[in-house]
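Q: This structure is in structure tokens; I'll ask about it shortly.
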Amino acid sequence: MNANTISRGILKALAIIIGIVLLLYFLYQIQSVIVYIAIAAVISLIGRPIIIFLRRRLKFKNTFAVIVTMVLFIGLFAGLIALFIPLVAEQSKNLSLLNMNALQDNVETLYMEIIHYFDLNNIDVEKSIKDSGLLSEIDYSVIPNFLNSFVSGLGSFSIGLFSVLFISFFFLKDSKLFEDGIMTFVPDKNVARSKVSFAKIKDLLSRYFVGLVFQILILFIIYTIVLLIFGINNAIVIAFLCALLNLIPYVGPMVSGVLMMLLTMSSNLGESFSNVILPKTSFVMIGFVIAQLVDNFFSQPFIFSKSVKSHPLEIFLVIIIAGILFGVIGMIIAIPSYTAIKVILKEFLSGNKIVKQLTKDI
């Protein structure tokens, strides 16, 4: 091996490393676009059964079926936004967000009732709160800063929403568009098997995301019934928000439980803690626990077994590992990613003993 060969090898390796670094930097710079494409892909997978139903059962043309599906999604999204407006207004009123003195009075009243209920030692609550400086030292310049951030965020949200809707429309209209884009990077000798894998992945993930919608719907119905029974204001919105948080495995239910408890208590500020706030909050949390038991022992096992065809223990380990490695985002994408990897492994490494065991039900 002469010096020229070694030099060419070094230069080639260096060029590959530089190319990889530039590619990663490029992907980092366009991460928002990648997120838009990912969200649009999920929407297309959820809308796929609807389009198939409209085309096969109602004999709609493909484009018209896509338009109807998109209008349905936009209508649902607009309805959800409209539902959240009363919640924000009500909670702003309850917590007196625009009147800091009223907020301090409400917090002090609730704190004193809690202390009295549990028979704690005499504590000067007003002095404790004032000494802590929790509410007294407020930087009121935060209000214009918040408004500026809100307007900027609203602009970014509008651009993102339009981008997602635009991409989703074409993913739904041409179901092979996303597939063809991926196949561009696949070597010719692997195209046939990759198409088979992609079809299986699309089918499994479509059923999985539709199953998640039903999971959220079941929790939403139970939460709504519980909150309505105990007369909690904006029960439908609170129920939907808490149900939606369950999309985050394991962490989501804990956050939604705390949120439901806080919103239940804030909806009854000014009432007696021992006679109203504590009993209502306790019964609401009992209903929340019952909903979680239904979700853990019925909804989730059914969805996992029928959609991604994986054992609950297998799913649990995958989610935990993904959470340790990639945090909350990893926990959210763990099941779809694991399902895709399983399908690809079965198609390309079907002879491997471990792969056979993992993919025996696919």
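Residues are named by chain letter and number: chains run A, B, ... in the order of the structure tokens, numbers start at 1 in each chain, and ligands are numbered from 1 in the order shown.
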Could you pull the residues within 8 Å of A:Lys195, counting only C-alpha atoms, minus those fewer than 4 positions along the same chain, as a VMD selection string?
A: chain A and resid 179 183 191 199
Q: Residues of the last selection are to be written out with N, CA and C atoms, as a PDB file, in the first residue's frame.
A:
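part.pdb written:
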```
ATOM      1  N   GLU A 179     -44.122   7.436   0.923  1.00  0.00           N
ATOM      2  CA  GLU A 179     -43.385   6.194   0.645  1.00  0.00           C
ATOM      3  C   GLU A 179     -42.375   6.399  -0.470  1.00  0.00           C
ATOM      4  N   MET A 183     -38.327   5.819  -0.432  1.00  0.00           N
ATOM      5  CA  MET A 183     -37.717   4.852  -1.340  1.00  0.00           C
ATOM      6  C   MET A 183     -36.595   5.461  -2.177  1.00  0.00           C
ATOM      7  N   VAL A 191     -35.572  -2.370  -2.701  1.00  0.00           N
ATOM      8  CA  VAL A 191     -36.811  -1.610  -2.882  1.00  0.00           C
ATOM      9  C   VAL A 191     -38.037  -2.490  -2.673  1.00  0.00           C
ATOM     10  N   ALA A 199     -45.670  -1.033   3.724  1.00  0.00           N
ATOM     11  CA  ALA A 199     -47.116  -1.300   3.719  1.00  0.00           C
ATOM     12  C   ALA A 199     -47.565  -1.863   5.064  1.00  0.00           C
TER      13      ALA A 199
END
```
Q: Could you pull the residues within 7 Å of A:Ser168, counting only C-alpha atoms, minus those fewer than 3 positions along the same chain, as a list in words?
A: Ala40, Ala41, Ile43, Ser44, Val164, Leu165, Phe171 and Leu172 of chain A
Q: Just write the chosen residues, N, CA and C atoms, as a compact mmCIF listing (two decimals), in the first residue's frame.
A:
```
# COMPACT_ATOMS: atom_id res chain seq x y z
N ALA A 40 -47.87 15.62 10.15
CA ALA A 40 -48.71 15.37 8.98
C ALA A 40 -48.81 13.88 8.68
N ALA A 41 -47.71 13.15 8.87
CA ALA A 41 -47.73 11.70 8.65
C ALA A 41 -48.68 11.01 9.62
N ILE A 43 -51.30 12.43 11.11
CA ILE A 43 -52.66 12.79 10.70
C ILE A 43 -53.11 11.95 9.50
N SER A 44 -52.20 11.72 8.57
CA SER A 44 -52.56 10.92 7.39
C SER A 44 -52.86 9.47 7.78
N VAL A 164 -48.66 22.06 8.35
CA VAL A 164 -49.13 20.71 8.67
C VAL A 164 -50.35 20.35 7.84
N LEU A 165 -51.30 21.29 7.73
CA LEU A 165 -52.51 21.03 6.95
C LEU A 165 -52.17 20.83 5.47
N PHE A 171 -50.40 14.15 1.65
CA PHE A 171 -50.15 12.80 2.13
C PHE A 171 -51.42 11.95 2.04
N LEU A 172 -52.56 12.57 2.35
CA LEU A 172 -53.83 11.86 2.26
C LEU A 172 -54.25 11.65 0.81
```
Q: So, with only C-alpha atoms as the atoms that count, which of A:Ser305, A:Gln29, A:Thr5, A:Gln300 lies closest to A:Leu212?
A: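 Among A:Ser305, A:Gln29, A:Thr5, A:Gln300, it is A:Gln300 that comes nearest to A:Leu212.
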Q: As an exercise, work out the distance from atom CA of A:Pro249 to atom CA of A:Leu24 in Å and give it to one decimal place.
A: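 We find that atom CA of A:Pro249 and atom CA of A:Leu24 lie 28.7 Å from each other.
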Q: Taking only C-alpha atoms into account, name the residue in A:Leu358, A:Cys242, A:Ile39, A:Leu161 that is nearest to A:Val255.
A: A:Cys242
Q: For a quick check of understanding, using only C-alpha atoms, which of A:Leu72, A:Gly231, A:Ile167, A:Pro253 has the smallest distance to A:Leu293?
A: A:Pro253
Q: Considering only C-alpha atoms, can you say which of A:Met70, A:Ala15, A:Ile315, A:Ile10 comes closest to A:Tyr250?
A: A:Ile315
Q: How far is it from atom CA of A:Ile222 to atom CA of A:Ala291, in Å with one decimal?
A: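 So the two atoms, atom CA of A:Ile222 and atom CA of A:Ala291, lie 6.2 Å apart.
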Q: Compile the contact shell of stretch 335-343 of chain A as a PDB file with N, CA and C atoms, in the first residue's frame: residues with an atom at most 8 Å away, counting only C-alpha atoms, same-chain residues fewer than 6 positions apart removed.
A:
```
ATOM      1  N   SER A 197     -42.380  -3.869   3.669  1.00  0.00           N
ATOM      2  CA  SER A 197     -42.251  -3.407   5.051  1.00  0.00           C
ATOM      3  C   SER A 197     -43.039  -2.122   5.281  1.00  0.00           C
ATOM      4  N   LYS A 200     -46.763  -2.789   5.632  1.00  0.00           N
ATOM      5  CA  LYS A 200     -47.107  -3.358   6.938  1.00  0.00           C
ATOM      6  C   LYS A 200     -47.030  -2.297   8.036  1.00  0.00           C
ATOM      7  N   ILE A 201     -45.987  -1.480   7.986  1.00  0.00           N
ATOM      8  CA  ILE A 201     -45.823  -0.417   8.988  1.00  0.00           C
ATOM      9  C   ILE A 201     -46.993   0.556   8.930  1.00  0.00           C
ATOM     10  N   LEU A 204     -50.121  -1.131  10.448  1.00  0.00           N
ATOM     11  CA  LEU A 204     -50.050  -1.278  11.905  1.00  0.00           C
ATOM     12  C   LEU A 204     -50.141   0.068  12.615  1.00  0.00           C
ATOM     13  N   LEU A 205     -49.403   1.058  12.115  1.00  0.00           N
ATOM     14  CA  LEU A 205     -49.405   2.366  12.772  1.00  0.00           C
ATOM     15  C   LEU A 205     -50.743   3.074  12.604  1.00  0.00           C
ATOM     16  N   VAL A 308     -50.359  -2.983  17.383  1.00  0.00           N
ATOM     17  CA  VAL A 308     -48.934  -3.201  17.140  1.00  0.00           C
ATOM     18  C   VAL A 308     -48.510  -4.637  17.421  1.00  0.00           C
ATOM     19  N   ILE A 315     -43.849  -3.849  25.611  1.00  0.00           N
ATOM     20  CA  ILE A 315     -44.124  -2.422  25.423  1.00  0.00           C
ATOM     21  C   ILE A 315     -43.613  -1.618  26.609  1.00  0.00           C
ATOM     22  N   VAL A 318     -39.833  -1.241  26.456  1.00  0.00           N
ATOM     23  CA  VAL A 318     -39.440  -0.356  25.358  1.00  0.00           C
ATOM     24  C   VAL A 318     -39.669   1.106  25.745  1.00  0.00           C
ATOM     25  N   ILE A 319     -40.817   1.398  26.350  1.00  0.00           N
ATOM     26  CA  ILE A 319     -41.132   2.773  26.740  1.00  0.00           C
ATOM     27  C   ILE A 319     -40.165   3.270  27.812  1.00  0.00           C
ATOM     28  N   VAL A 355     -35.071 -12.341  16.106  1.00  0.00           N
ATOM     29  CA  VAL A 355     -36.067 -11.633  15.299  1.00  0.00           C
ATOM     30  C   VAL A 355     -37.324 -12.475  15.142  1.00  0.00           C
ATOM     31  N   LEU A 358     -39.347 -12.151  18.351  1.00  0.00           N
ATOM     32  CA  LEU A 358     -39.940 -10.840  18.550  1.00  0.00           C
ATOM     33  C   LEU A 358     -41.065 -10.545  17.580  1.00  0.00           C
ATOM     34  N   THR A 359     -40.983 -11.114  16.379  1.00  0.00           N
ATOM     35  CA  THR A 359     -41.943 -10.785  15.305  1.00  0.00           C
ATOM     36  C   THR A 359     -42.874 -11.936  14.965  1.00  0.00           C
ATOM     37  N   ILE A 362     -46.476 -10.811  14.009  1.00  0.00           N
ATOM     38  CA  ILE A 362     -46.691  -9.839  12.926  1.00  0.00           C
ATOM     39  C   ILE A 362     -46.954 -10.552  11.607  1.00  0.00           C
TER      40      ILE A 362
END
```
